[in-house]
Amino acid sequence: VYGTVLDATELPSLLSFGSWIGGDRDGNPLVKPECMKDALELARTMILREYIRQVEFLSDCLSSSSRQTAASPEILARLAQYRQSMPGVFILWGPGNTEEHYRRFLSYVVHRLQRSREGSNAQDSYHDAAEFEADLILLRKSLMSNRGQRLAETFVDPLLRQLRTFGFHLHVLDIRQHARVHAEVLEEIAAQKIDARKTEPRNPELRKTKLRKAELRETAPALAAGGALPDSGERGSLQTRELIDTFHTIQQLKQTYPAESIRQYIISGAESEDDVLNVVGLAKACGINLTGSDDDPGLMPVPLFESIDSLRAAGGVMRRLWRNPEYQSLLDSWGRWQEVMLGYSDSNKDGGMLTSTWELYKAHRDLHHAAQECGVKLRLFHGRGGTVGRGGGPTHSAILAQPEGCFSGRIRITEQGEVLNWKYADAVLAEWNLELMIAASLEALTRPGSQPAKDQARWEEAMDEMSEAAYRVYRRDIAENADVLEYFEQATPVHELDAARIGSRPSRRTKGRRLEDLRAIPWVFGWMQSRHAVPAWYGVGQGLQSFAKKGKSHEKLLREMLKHFAIFSDLVRNVELGIAKADLHIARLYSGLVKNAALRTRVFSMLEEEFLRSRSMILSITSQRELLARNRVLARSIHLRNPYVDPMSLIQVELLRRKQQGGDLAKLEYPLGATINGIAAGLHNTG
């Protein structure tokens with residue numbers, strides 16, 4: 001679950017699922033200790049409150065009297081110990097109820113849980129989840145040995161499973177920062193060391209450059225080996241101070257709260273093994289224990305490969321890292337587990353839908369092969385968004401589309417944006433969606449062997465060829481075309497994202513005006529709001545057409561791949577969905593907001609041509625007359641929603657036009673935000 005902790009009151013509705021990745025409004029991690037502490041404190045309070053409720057319910061159910069059945073000597077001894085060490089505890093069902101030993105025992109358990117809400121060091125509290133578990137196991141053994149098997153399995157076992165899943169921490173607080181920031185901080189530290197040297201070289205500038213390069217190569221290893229951070233004080237930049245404060249806060253929180261509540265440190269924009277080793281050095285220098293143990297899982301650096309080039313290099317990068325002697329000891333302490341994150345959004349923005357999908361598939365396979373060679377247990381973290389252009393689409397088919405034989409049974413998947421509401425807001429739907437995920441995982445683990453090697457090789461050659469053609473077109477027409485970015489900023493409500501109050505971070509990583517500076521979320525968001533849906537299909541038509549036009553045998557091969565090659569089938573169905581949600585008639589109205597008429601015509605004509613090409617190729621490959629012909633339920637859903645979405649799009653276009661003409665921004669902000677939320681809800685897509 002990705003998001004931003006701006007206020008502790010926002011947390012309750014978002015802490016139902018596994019992971020929280022924090023960032024401030026500038027996209028940095030949660031550097032304010034009170035924000036990180038609030039997240040962990042609220043989570044602990046929520047889960048302990050749930051345990052108290054469960055134990056009280058358990059007390060209602062376990063009414064066995066010593067006159068009817070015995071209790072084990074062990075639980076009676078623990079009860080006597082509690083009675084002596086904790087006098088005055090409120091006894092459930094009354095202090096005179098001396099015959100129902102289980103209820104008396106659970107009264108002390110409730111008392112200890114209540115004290116645990118005050119902190120692990122409070123008097124009578126459980127110091128950790130293991131102590132609470134020991135009491136439940138004692139209770140279970142007593143029931144099992146005294147004809148209470150059904151009671152143990154019905155009432156105690158569910159609570160034990162919950163405890164072993166959520167502990168006293170409920171959720172995991174993932175910390176995330178960009179590799180560039182770590183490198184810049186290390187460069188600043190190296191520069192401080194250079195400045196501290198009392199040398200007078202003949203050529204100061206040349207000498208300083210050579211020293212800096214040498215120091216940069218040596219700084220991270222020196223810190224990892226026990227070197228101390230220089231005193232940044234007034235000389236350190238704000239970025240350096242914030243990063244060091246973040247590491248110090250992590251170290252403090254892992255001592256105050258359950259250590260397993262912070263386990264991963266995600267490194268955005270990772271491109272080499274140095275990006276991981278930089279974090280290792282900085283973390284160790286700040287006193288963080290990276291090494292895993294029985295009491296503390298440590299802190300695992302998780303590289304996030306996002307660009308097309310980094311995905312292509314991912315296998316080699318991790319192979320070199322895993323063979324690094326210094327990193328080997330960390331791997332051993334984590335039980336040889338390593339998590340690696342794959343970025344769907346930025347790879348799509350960088351290379352287009354077809355190339356992104358294919359390079360993610362190959363990176364997945366390369367990483368598993370590298371892990372097998374190095375004796376590493378790999379868990380992939382798929383950074384999928386809700387929108388097709390950000391890796392969205394049916395989770396079941398996405399899991400089955402993973403490379404065969406490259407699934408360990410462990411997987412992490414982000415659920416973002418509108419997905420959280422319409423997949424998990426209702427308990428029945430949440431259970432159904434989780435069952436689908438589990439079913440897909442079991443099927444991926446147990447499915448029979450792969451297709452004959454000759455078929456797989458032909459399919460992969462075809463994918464390579466189509467990906468190359470699509471990538472070339474996408475880079476030329478979109479990524480490296482200055483006209484597109486200008487068109488995008490005027491023909492979409494990307495600048496109004498803040499008015500909708502649904503964005504977790506600013507639209508841009510830096511103040512630059514390049515596509516690389518724009519985040520993937522607003523990129524997809526803008527195109528979806530304006531009904532272009534460009535990230536879902538651009539370049540796909542060109543890639544498919546360039547391959548199919550080579551002959552009937554190539555067209556036949558594409559249809560064969562659609563039936564038997566899961567990744568290609570998943571790609572085609574997702575592109576089909578993206579095209580179905582697009583509406584070029586509405587998009588043309590948005591294009592009228594572009595002031596430069598020549599640029600407007602040039603870009604829209606280019607988009608329209610590729611849209612029609614992609615639509616035609618999808619229909620040809622699937623042998624359909626219309627989109628979503630094989631998914632009537634979804635087609636009908638879109639057909640029913642569009643009449644309600646279209647008027648909101650027309651209103652939004654008019655509001656954007658008034659804003660361009662200098663209308664009252666204070667009066668326009670609220671209705672613009674309302675149209676953004678309405679269109680996102682209607683399309684089931686934000687960014």
# chains A, B, ... in the order shown; residues from 1 in each chain; ligands from 1

$ select_by_dssp --residues "region 460-617 of chain A" --states "helix (DSSP H, G or I)" --output "PyMOL selection string"
chain A and resi 460-479+482-491+494-500+515-517+520-529+534-536+540-548+552-564+566-581+584-591+597-617

$ residues_around --residues "Arg514 (chain A)" --least-positions-apart "3" --cutoff "9 Å" --atoms "only C-alpha atoms" --output "PyMOL selection string"
chain A and resi 482+485+517-518

$ write_last_selection --atoms "N, CA, C and O atoms" --output "mmCIF file, in the first residue's frame"
data_model
loop_
_atom_site.group_PDB
_atom_site.id
_atom_site.type_symbol
_atom_site.label_atom_id
_atom_site.label_comp_id
_atom_site.auth_asym_id
_atom_site.auth_seq_id
_atom_site.Cartn_x
_atom_site.Cartn_y
_atom_site.Cartn_z
ATOM 1 N N ALA A 482 9.620 16.935 -27.990
ATOM 2 C CA ALA A 482 9.314 18.078 -27.112
ATOM 3 C C ALA A 482 7.879 18.555 -27.285
ATOM 4 O O ALA A 482 7.270 19.088 -26.346
ATOM 5 N N LEU A 485 5.278 16.876 -24.700
ATOM 6 C CA LEU A 485 5.214 17.354 -23.318
ATOM 7 C C LEU A 485 4.445 18.668 -23.233
ATOM 8 O O LEU A 485 3.649 18.871 -22.305
ATOM 9 N N ASP A 517 11.914 14.286 -15.750
ATOM 10 C CA ASP A 517 11.674 14.938 -14.460
ATOM 11 C C ASP A 517 10.237 14.745 -13.968
ATOM 12 O O ASP A 517 9.949 14.948 -12.797
ATOM 13 N N LEU A 518 9.352 14.374 -14.877
ATOM 14 C CA LEU A 518 7.943 14.188 -14.533
ATOM 15 C C LEU A 518 7.729 12.790 -13.968
ATOM 16 O O LEU A 518 8.210 11.802 -14.517
#

$ closest_residue --among "A:Leu497, A:Leu342, A:Leu562, A:Val317" --to "Ile676 (chain A)" --atoms "only C-alpha atoms"
A:Leu497

$ closest_atom_pairs --of "region 133-152 of chain A" --to "region 61-75 of chain A" --cutoff "8 Å" --atoms "only C-alpha atoms" --output "tab-separated table"
residue	atom	partner	partner_atom	distance
A:Leu138	CA	A:Ile75	CA	6.2
A:Leu139	CA	A:Ile75	CA	6.7
A:Lys141	CA	A:Ser72	CA	7.9
A:Ser142	CA	A:Ser72	CA	4.9
A:Leu143	CA	A:Ala71	CA	7.4
A:Ser145	CA	A:Ser72	CA	7.5
A:Asn146	CA	A:Ala70	CA	6.4
A:Leu151	CA	A:Leu62	CA	7.7

$ closest_residue --among "A:Ser408, A:Gln123, A:Asn348, A:Asn433" --to "Arg475 (chain A)" --atoms "only C-alpha atoms"
A:Asn348
